[in-house]
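Trainee: My structure is in my_file-v3.cif, and what it holds is mmCIF, C-alpha atoms:
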```cif
data_target
#
loop_
_atom_site.group_PDB
_atom_site.id
_atom_site.type_symbol
_atom_site.label_atom_id
_atom_site.label_comp_id
_atom_site.auth_asym_id
_atom_site.auth_seq_id
_atom_site.Cartn_x
_atom_site.Cartn_y
_atom_site.Cartn_z
ATOM 1 C CA GLY A 55 15.856 -10.682 7.665
ATOM 2 C CA ALA A 56 17.558 -7.652 9.137
ATOM 3 C CA THR A 57 21.006 -9.278 9.056
ATOM 4 C CA GLY A 58 23.046 -10.145 5.992
ATOM 5 C CA GLY A 59 23.924 -13.638 4.877
ATOM 6 C CA PRO A 60 21.885 -16.637 3.781
ATOM 7 C CA ASN A 61 18.205 -16.637 4.642
ATOM 8 C CA ARG A 62 15.587 -19.332 4.114
ATOM 9 C CA VAL A 63 12.571 -18.243 2.097
ATOM 10 C CA THR A 64 9.204 -19.844 2.730
ATOM 11 C CA ALA A 65 6.395 -19.035 0.308
ATOM 12 C CA SER A 66 2.727 -19.843 0.599
ATOM 13 C CA ALA A 67 -0.020 -19.786 -1.994
ATOM 14 C CA GLN A 68 -3.639 -20.872 -1.929
ATOM 15 C CA GLY A 69 -3.219 -22.111 1.637
ATOM 16 C CA VAL A 70 -0.321 -24.458 0.753
ATOM 17 C CA THR A 71 3.109 -23.784 2.264
ATOM 18 C CA LEU A 72 6.120 -24.373 0.035
ATOM 19 C CA ALA A 73 9.229 -24.690 2.186
ATOM 20 C CA GLY A 74 12.194 -24.965 -0.144
ATOM 21 C CA LEU A 75 11.724 -25.120 -3.890
ATOM 22 C CA PHE A 76 13.662 -27.924 -5.557
ATOM 23 C CA ASP A 77 15.291 -28.256 -8.983
ATOM 24 C CA GLY A 78 15.511 -32.076 -8.865
ATOM 25 C CA THR A 79 19.001 -32.128 -7.348
ATOM 26 C CA GLY A 80 18.411 -30.283 -4.094
ATOM 27 C CA LEU A 81 17.376 -26.983 -2.643
ATOM 28 C CA VAL A 82 17.785 -24.029 -4.995
ATOM 29 C CA SER A 83 19.712 -21.097 -3.524
ATOM 30 C CA TYR A 84 18.516 -17.817 -5.006
ATOM 31 C CA ALA A 85 20.795 -14.810 -5.446
ATOM 32 C CA THR A 86 17.820 -12.581 -6.368
ATOM 33 C CA ILE A 87 14.054 -12.877 -6.684
ATOM 34 C CA ASN A 88 12.006 -10.601 -8.936
ATOM 35 C CA ALA A 89 8.235 -10.450 -9.255
ATOM 36 C CA GLY A 90 6.396 -9.690 -12.467
ATOM 37 C CA GLU A 91 2.718 -8.813 -12.360
ATOM 38 C CA ARG A 92 1.451 -12.418 -12.261
ATOM 39 C CA HIS A 93 4.625 -14.478 -12.033
ATOM 40 C CA THR A 94 7.920 -14.580 -10.145
ATOM 41 C CA CYS A 95 11.449 -15.466 -11.210
ATOM 42 C CA GLY A 96 14.481 -16.246 -9.128
ATOM 43 C CA LEU A 97 18.078 -16.164 -10.279
ATOM 44 C CA SER A 98 19.957 -18.993 -8.598
ATOM 45 C CA THR A 99 23.471 -18.636 -7.272
ATOM 46 C CA SER A 100 24.564 -20.729 -10.290
ATOM 47 C CA ASP A 101 23.034 -18.115 -12.692
ATOM 48 C CA VAL A 102 20.049 -20.248 -13.741
ATOM 49 C CA ASN A 103 16.727 -18.416 -14.037
ATOM 50 C CA TYR A 104 13.726 -20.208 -12.464
ATOM 51 C CA CYS A 105 10.195 -18.916 -12.968
ATOM 52 C CA TRP A 106 6.850 -19.910 -11.502
ATOM 53 C CA GLY A 107 3.300 -18.604 -11.446
ATOM 54 C CA TYR A 108 1.001 -17.623 -14.299
ATOM 55 C CA ASN A 109 2.172 -18.622 -17.806
ATOM 56 C CA GLY A 110 -0.895 -17.690 -19.880
ATOM 57 C CA ASP A 111 1.189 -15.270 -21.959
ATOM 58 C CA GLY A 112 4.378 -17.386 -22.143
ATOM 59 C CA GLN A 113 6.219 -15.248 -19.603
ATOM 60 C CA LEU A 114 7.863 -18.209 -17.846
ATOM 61 C CA GLY A 115 9.988 -19.159 -20.858
ATOM 62 C CA ILE A 116 8.666 -22.734 -20.891
ATOM 63 C CA GLY A 117 6.316 -22.416 -23.859
ATOM 64 C CA LEU A 118 2.545 -22.131 -23.858
ATOM 65 C CA SER A 119 0.180 -24.978 -23.032
ATOM 66 C CA PRO A 120 -2.297 -25.909 -25.776
ATOM 67 C CA LEU A 121 -5.611 -24.080 -25.454
ATOM 68 C CA GLY A 122 -8.072 -25.979 -23.298
ATOM 69 C CA SER A 123 -5.347 -28.143 -21.734
ATOM 70 C CA GLY A 124 -5.999 -26.987 -18.199
ATOM 71 C CA PRO A 125 -4.261 -24.594 -15.811
ATOM 72 C CA VAL A 126 -1.617 -22.235 -17.121
ATOM 73 C CA PHE A 127 0.270 -22.113 -13.827
ATOM 74 C CA ALA A 128 3.676 -23.635 -13.047
ATOM 75 C CA PHE A 129 2.789 -24.545 -9.477
ATOM 76 C CA PRO A 130 4.084 -25.383 -6.955
ATOM 77 C CA GLN A 131 7.598 -26.094 -8.269
ATOM 78 C CA PRO A 132 9.563 -23.463 -10.208
ATOM 79 C CA VAL A 133 10.707 -24.489 -13.668
ATOM 80 C CA ALA A 134 14.094 -23.586 -15.135
ATOM 81 C CA ALA A 135 13.986 -21.745 -18.457
ATOM 82 C CA VAL A 136 14.716 -24.209 -21.251
ATOM 83 C CA GLY A 137 17.807 -23.724 -23.402
ATOM 84 C CA ASN A 138 20.687 -24.275 -20.961
ATOM 85 C CA LEU A 139 21.034 -20.498 -20.591
ATOM 86 C CA THR A 140 22.642 -18.654 -17.690
ATOM 87 C CA PHE A 141 21.772 -15.123 -16.598
ATOM 88 C CA ARG A 142 23.300 -12.234 -14.656
ATOM 89 C CA GLN A 143 20.025 -10.441 -13.966
ATOM 90 C CA ALA A 144 16.332 -11.239 -14.332
ATOM 91 C CA VAL A 145 13.546 -8.675 -14.308
ATOM 92 C CA GLY A 146 9.826 -9.248 -14.681
ATOM 93 C CA ALA A 147 6.813 -7.315 -15.886
ATOM 94 C CA ARG A 148 3.217 -8.284 -16.632
ATOM 95 C CA PHE A 149 3.730 -10.097 -19.928
ATOM 96 C CA HIS A 150 7.419 -10.970 -19.948
ATOM 97 C CA THR A 151 10.663 -11.504 -18.129
ATOM 98 C CA GLY A 152 13.390 -9.788 -20.169
ATOM 99 C CA THR A 153 11.773 -10.027 -23.605
ATOM 100 C CA ASN A 154 8.260 -9.736 -24.948
ATOM 101 C CA ASN A 155 8.052 -13.509 -25.548
ATOM 102 C CA VAL A 156 4.429 -14.499 -26.150
ATOM 103 C CA THR A 157 5.106 -17.341 -28.594
ATOM 104 C CA ALA A 158 5.003 -21.072 -28.032
ATOM 105 C CA SER A 159 8.800 -21.176 -27.773
ATOM 106 C CA THR A 160 10.178 -23.319 -24.980
ATOM 107 C CA ALA A 161 13.279 -21.163 -24.585
ATOM 108 C CA PRO A 162 13.514 -17.438 -23.971
ATOM 109 C CA PRO A 163 14.691 -15.716 -27.155
ATOM 110 C CA GLN A 164 18.157 -14.279 -26.842
ATOM 111 C CA VAL A 165 18.400 -10.496 -27.153
ATOM 112 C CA VAL A 166 21.384 -10.202 -29.485
ATOM 113 C CA THR A 167 23.509 -7.110 -28.982
ATOM 114 C CA PRO A 168 27.178 -6.217 -28.614
ATOM 115 C CA THR A 169 26.140 -3.822 -25.813
ATOM 116 C CA THR A 170 26.696 -4.830 -22.197
ATOM 117 C CA PHE A 171 24.139 -3.469 -19.751
ATOM 118 C CA SER A 172 24.706 -2.400 -16.149
ATOM 119 C CA THR A 173 20.940 -2.576 -15.478
ATOM 120 C CA ILE A 174 17.804 -3.656 -17.304
ATOM 121 C CA ASN A 175 14.248 -2.583 -16.485
ATOM 122 C CA PRO A 176 10.981 -4.039 -17.793
ATOM 123 C CA GLY A 177 7.911 -2.103 -18.812
ATOM 124 C CA ARG A 178 4.597 -3.793 -19.475
ATOM 125 C CA VAL A 179 5.562 -5.013 -22.979
ATOM 126 C CA HIS A 180 9.022 -3.524 -23.482
ATOM 127 C CA THR A 181 12.406 -3.538 -21.767
ATOM 128 C CA CYS A 182 15.112 -0.882 -21.473
ATOM 129 C CA GLY A 183 18.693 -1.106 -20.344
ATOM 130 C CA LEU A 184 21.424 1.280 -19.300
ATOM 131 C CA SER A 185 24.732 0.405 -20.960
ATOM 132 C CA LEU A 186 28.132 0.417 -19.264
ATOM 133 C CA THR A 187 28.764 3.673 -21.170
ATOM 134 C CA ASN A 188 25.589 5.219 -19.646
ATOM 135 C CA ARG A 189 23.499 5.116 -22.829
ATOM 136 C CA ALA A 190 19.835 4.033 -22.795
ATOM 137 C CA PHE A 191 18.648 1.229 -25.107
ATOM 138 C CA CYS A 192 15.127 -0.217 -25.436
ATOM 139 C CA TRP A 193 13.444 -3.151 -27.181
ATOM 140 C CA GLY A 194 10.018 -4.793 -27.334
ATOM 141 C CA TYR A 195 6.595 -3.375 -28.273
ATOM 142 C CA THR A 196 6.855 -0.087 -30.195
ATOM 143 C CA ARG A 197 3.357 1.250 -30.849
ATOM 144 C CA ASP A 198 3.143 3.648 -27.889
ATOM 145 C CA GLY A 199 6.543 5.267 -28.486
ATOM 146 C CA GLN A 200 8.057 3.700 -25.365
ATOM 147 C CA LEU A 201 11.302 2.760 -27.120
ATOM 148 C CA GLY A 202 12.239 6.431 -27.463
ATOM 149 C CA ILE A 203 13.156 6.151 -31.158
ATOM 150 C CA GLY A 204 10.289 8.061 -32.763
ATOM 151 C CA PRO A 205 7.458 6.697 -34.927
ATOM 152 C CA VAL A 206 7.870 3.127 -36.206
ATOM 153 C CA ILE A 207 5.707 0.912 -38.423
ATOM 154 C CA VAL A 208 6.446 -2.466 -36.820
ATOM 155 C CA ASP A 209 4.834 -3.800 -33.639
ATOM 156 C CA SER A 210 7.945 -5.072 -31.941
ATOM 157 C CA ILE A 211 11.749 -4.797 -32.069
ATOM 158 C CA LEU A 212 13.806 -7.506 -30.336
ATOM 159 C CA ILE A 213 17.184 -5.855 -30.846
ATOM 160 C CA PRO A 214 18.146 -3.116 -28.358
ATOM 161 C CA ILE A 215 18.102 0.278 -30.084
ATOM 162 C CA GLU A 216 19.656 3.378 -28.540
ATOM 163 C CA VAL A 217 17.157 5.974 -27.360
ATOM 164 C CA SER A 218 17.201 9.090 -29.567
ATOM 165 C CA GLY A 219 19.289 12.044 -28.425
ATOM 166 C CA ALA A 220 22.644 10.326 -27.754
ATOM 167 C CA ARG A 221 22.681 11.343 -24.073
ATOM 168 C CA ASN A 222 24.430 9.858 -21.059
ATOM 169 C CA TYR A 223 22.185 8.856 -18.158
ATOM 170 C CA LYS A 224 22.768 8.171 -14.459
ATOM 171 C CA SER A 225 19.631 6.085 -13.977
ATOM 172 C CA LEU A 226 16.685 4.739 -15.936
ATOM 173 C CA ALA A 227 13.152 3.843 -14.819
ATOM 174 C CA THR A 228 10.643 1.995 -16.978
ATOM 175 C CA GLY A 229 6.875 2.314 -16.612
ATOM 176 C CA ARG A 230 3.889 0.660 -18.226
ATOM 177 C CA SER A 231 4.230 2.439 -21.584
ATOM 178 C CA HIS A 232 6.879 5.048 -20.844
ATOM 179 C CA ASN A 233 10.367 5.573 -19.441
ATOM 180 C CA CYS A 234 12.168 8.283 -17.488
ATOM 181 C CA ALA A 235 15.887 8.843 -17.102
ATOM 182 C CA ILE A 236 18.172 11.168 -15.197
#
```
Would it be possible to restate this file's structure as structure tokens?
Mentor:
Amino acid sequence: GATGGPNRVTASAQGVTLAGLFDGTGLVSYATINAGERHTCGLSTSDVNYCWGYNGDGQLGIGLSPLGSGPVFAFPQPVAAVGNLTFRQAVGARFHTGTNNVTASTAPPQVVTPTTFSTINPGRVHTCGLSLTNRAFCWGYTRDGQLGIGPVIVDSILIPIEVSGARNYKSLATGRSHNCAI
């Protein structure tokens, strides 16, 4: 709405209206909602990340269904990411939400780093973050040079690596297979 404060969100899909999405204990209050290309995640006010929508690439963090087992959608109820994890920010892209997790894992893999990020931005198969010291770091798929670290011989890096050039940035934007920063 045009005014601040709590607002009720009503979503509809395939002609079915979903008024209030429940976590088993009551109505979930979302602090933020972020849409990937074929899925959506909401960060609750208690810092739990809920995702729903297409899960054919494991982007919901709930593991992959066995091939031929039926629909790959978490619908109509959002599902909390397994692992008893809490989050400050969630961002989504086509194939992931935060990491390039396309395995059968039932919990999102933790991105281990001593760096604290002020913002994170997803690309199609990679993620970049701007640190509290205004440095850019990226992780994920490497083959198109989108991590900004020069040529590499591995397909994927799950540890944030500082972008070459040791520069300070004001802002960072992540595209499909590229990034731009000011």
Trainee: Give me, please, the distance in Å between atom CA of A:Ala190 and atom CA of A:Leu212, quoted to one decimal.
Mentor: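 A separation of 15.0 Å between them.
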Trainee: Evaluate the PyMOL selection byres ((chain A and resi 197) around 12) against this structure - the residues, as a ChimeraX atom specification, please.
Mentor: /A:179-180,193-196,198-211,231-232
Trainee: Compile a residue-level contact table for stretch 177-235 of chain A against stretch 164-168 of chain A at a cut-off of 12 Å, reporting for every qualifying residue the shortest atom pair and its distance in Å to one decimal, with only C-alpha atoms counted, rows ordered by chain and ascending number, as a Markdown table.
Mentor:
```
| residue | atom | partner | partner_atom | distance |
| --- | --- | --- | --- | --- |
| A:Thr181 | CA | A:Val165 | CA | 10.6 |
| A:Cys182 | CA | A:Val165 | CA | 11.6 |
| A:Gly183 | CA | A:Thr167 | CA | 11.6 |
| A:Ser185 | CA | A:Pro168 | CA | 10.4 |
| A:Leu186 | CA | A:Pro168 | CA | 11.5 |
| A:Phe191 | CA | A:Thr167 | CA | 10.4 |
| A:Cys192 | CA | A:Val165 | CA | 10.9 |
| A:Trp193 | CA | A:Val165 | CA | 8.9 |
| A:Gly194 | CA | A:Val165 | CA | 10.1 |
| A:Ile211 | CA | A:Val165 | CA | 10.0 |
| A:Leu212 | CA | A:Val165 | CA | 6.3 |
| A:Ile213 | CA | A:Val165 | CA | 6.1 |
| A:Pro214 | CA | A:Thr167 | CA | 6.7 |
| A:Ile215 | CA | A:Thr167 | CA | 9.2 |
| A:Glu216 | CA | A:Thr167 | CA | 11.2 |
```
Trainee: Which residues, written as a PyMOL selection string, have at least one atom at most 9 Å from A:Cys95, with only C-alpha atoms counted and residues fewer than 6 positions away on the same chain left out?
Mentor: chain A and resi 86-89+103-107+114+132+144-146+151
Trainee: Mind dumping the selected residues with C-alpha atoms as a compact mmCIF listing (two decimals), in the coordinates of the input?
Mentor:
```
# COMPACT_ATOMS: atom_id res chain seq x y z
CA THR A 86 17.82 -12.58 -6.37
CA ILE A 87 14.05 -12.88 -6.68
CA ASN A 88 12.01 -10.60 -8.94
CA ALA A 89 8.24 -10.45 -9.26
CA ASN A 103 16.73 -18.42 -14.04
CA TYR A 104 13.73 -20.21 -12.46
CA CYS A 105 10.20 -18.92 -12.97
CA TRP A 106 6.85 -19.91 -11.50
CA GLY A 107 3.30 -18.60 -11.45
CA LEU A 114 7.86 -18.21 -17.85
CA PRO A 132 9.56 -23.46 -10.21
CA ALA A 144 16.33 -11.24 -14.33
CA VAL A 145 13.55 -8.68 -14.31
CA GLY A 146 9.83 -9.25 -14.68
CA THR A 151 10.66 -11.50 -18.13
```
Trainee: Rounded to one decimal in Å, what is the spacing between atom CA of A:Ala220 and atom CA of A:Ser172?
Mentor: 17.3 Å
Trainee: Give as a list in words the residues that the PyMOL selection byres ((chain A and resi 235) around 12) matches when applied to the coordinates above.
Mentor: Asn175, Cys182, Gly183, Leu184, Asn188, Arg189, Ala190, Phe191, Gly202, Val217, Arg221, Asn222, Tyr223, Lys224, Ser225, Leu226, Ala227, Thr228, Gly229, His232, Asn233, Cys234 and Ile236 of chain A
Trainee: Only C-alpha atoms, please: the residues just picked out, written as a tab-separated table (two decimals), keeping the file's coordinate frame.
Mentor:
```tsv
chain	number	residue	atom	x	y	z
A	175	ASN	CA	14.25	-2.58	-16.48
A	182	CYS	CA	15.11	-0.88	-21.47
A	183	GLY	CA	18.69	-1.11	-20.34
A	184	LEU	CA	21.42	1.28	-19.30
A	188	ASN	CA	25.59	5.22	-19.65
A	189	ARG	CA	23.50	5.12	-22.83
A	190	ALA	CA	19.84	4.03	-22.80
A	191	PHE	CA	18.65	1.23	-25.11
A	202	GLY	CA	12.24	6.43	-27.46
A	217	VAL	CA	17.16	5.97	-27.36
A	221	ARG	CA	22.68	11.34	-24.07
A	222	ASN	CA	24.43	9.86	-21.06
A	223	TYR	CA	22.18	8.86	-18.16
A	224	LYS	CA	22.77	8.17	-14.46
A	225	SER	CA	19.63	6.08	-13.98
A	226	LEU	CA	16.68	4.74	-15.94
A	227	ALA	CA	13.15	3.84	-14.82
A	228	THR	CA	10.64	2.00	-16.98
A	229	GLY	CA	6.88	2.31	-16.61
A	232	HIS	CA	6.88	5.05	-20.84
A	233	ASN	CA	10.37	5.57	-19.44
A	234	CYS	CA	12.17	8.28	-17.49
A	236	ILE	CA	18.17	11.17	-15.20
```
Trainee: Find the spatial neighbours of A:Asp101, counting only C-alpha atoms, within a cut-off of 10 Å - ignore same-chain residues fewer than 2 positions away - and output them as a ChimeraX atom specification.
Mentor: /A:84-86,96-99,103-104,139-144
Trainee: Work out how far atom CA of A:Ser83 is from atom CA of A:Asp111, in Å to one decimal.
Mentor: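 Here the two named atoms are 26.8 Å from each other.
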Trainee: Which residues would end up in the selection if the PyMOL selection byres ((chain A and resi 91) around 10) were applied here, given that I need the answer as a ChimeraX atom specification?
Mentor: /A:89-90,92-94,107-108,146-150,178
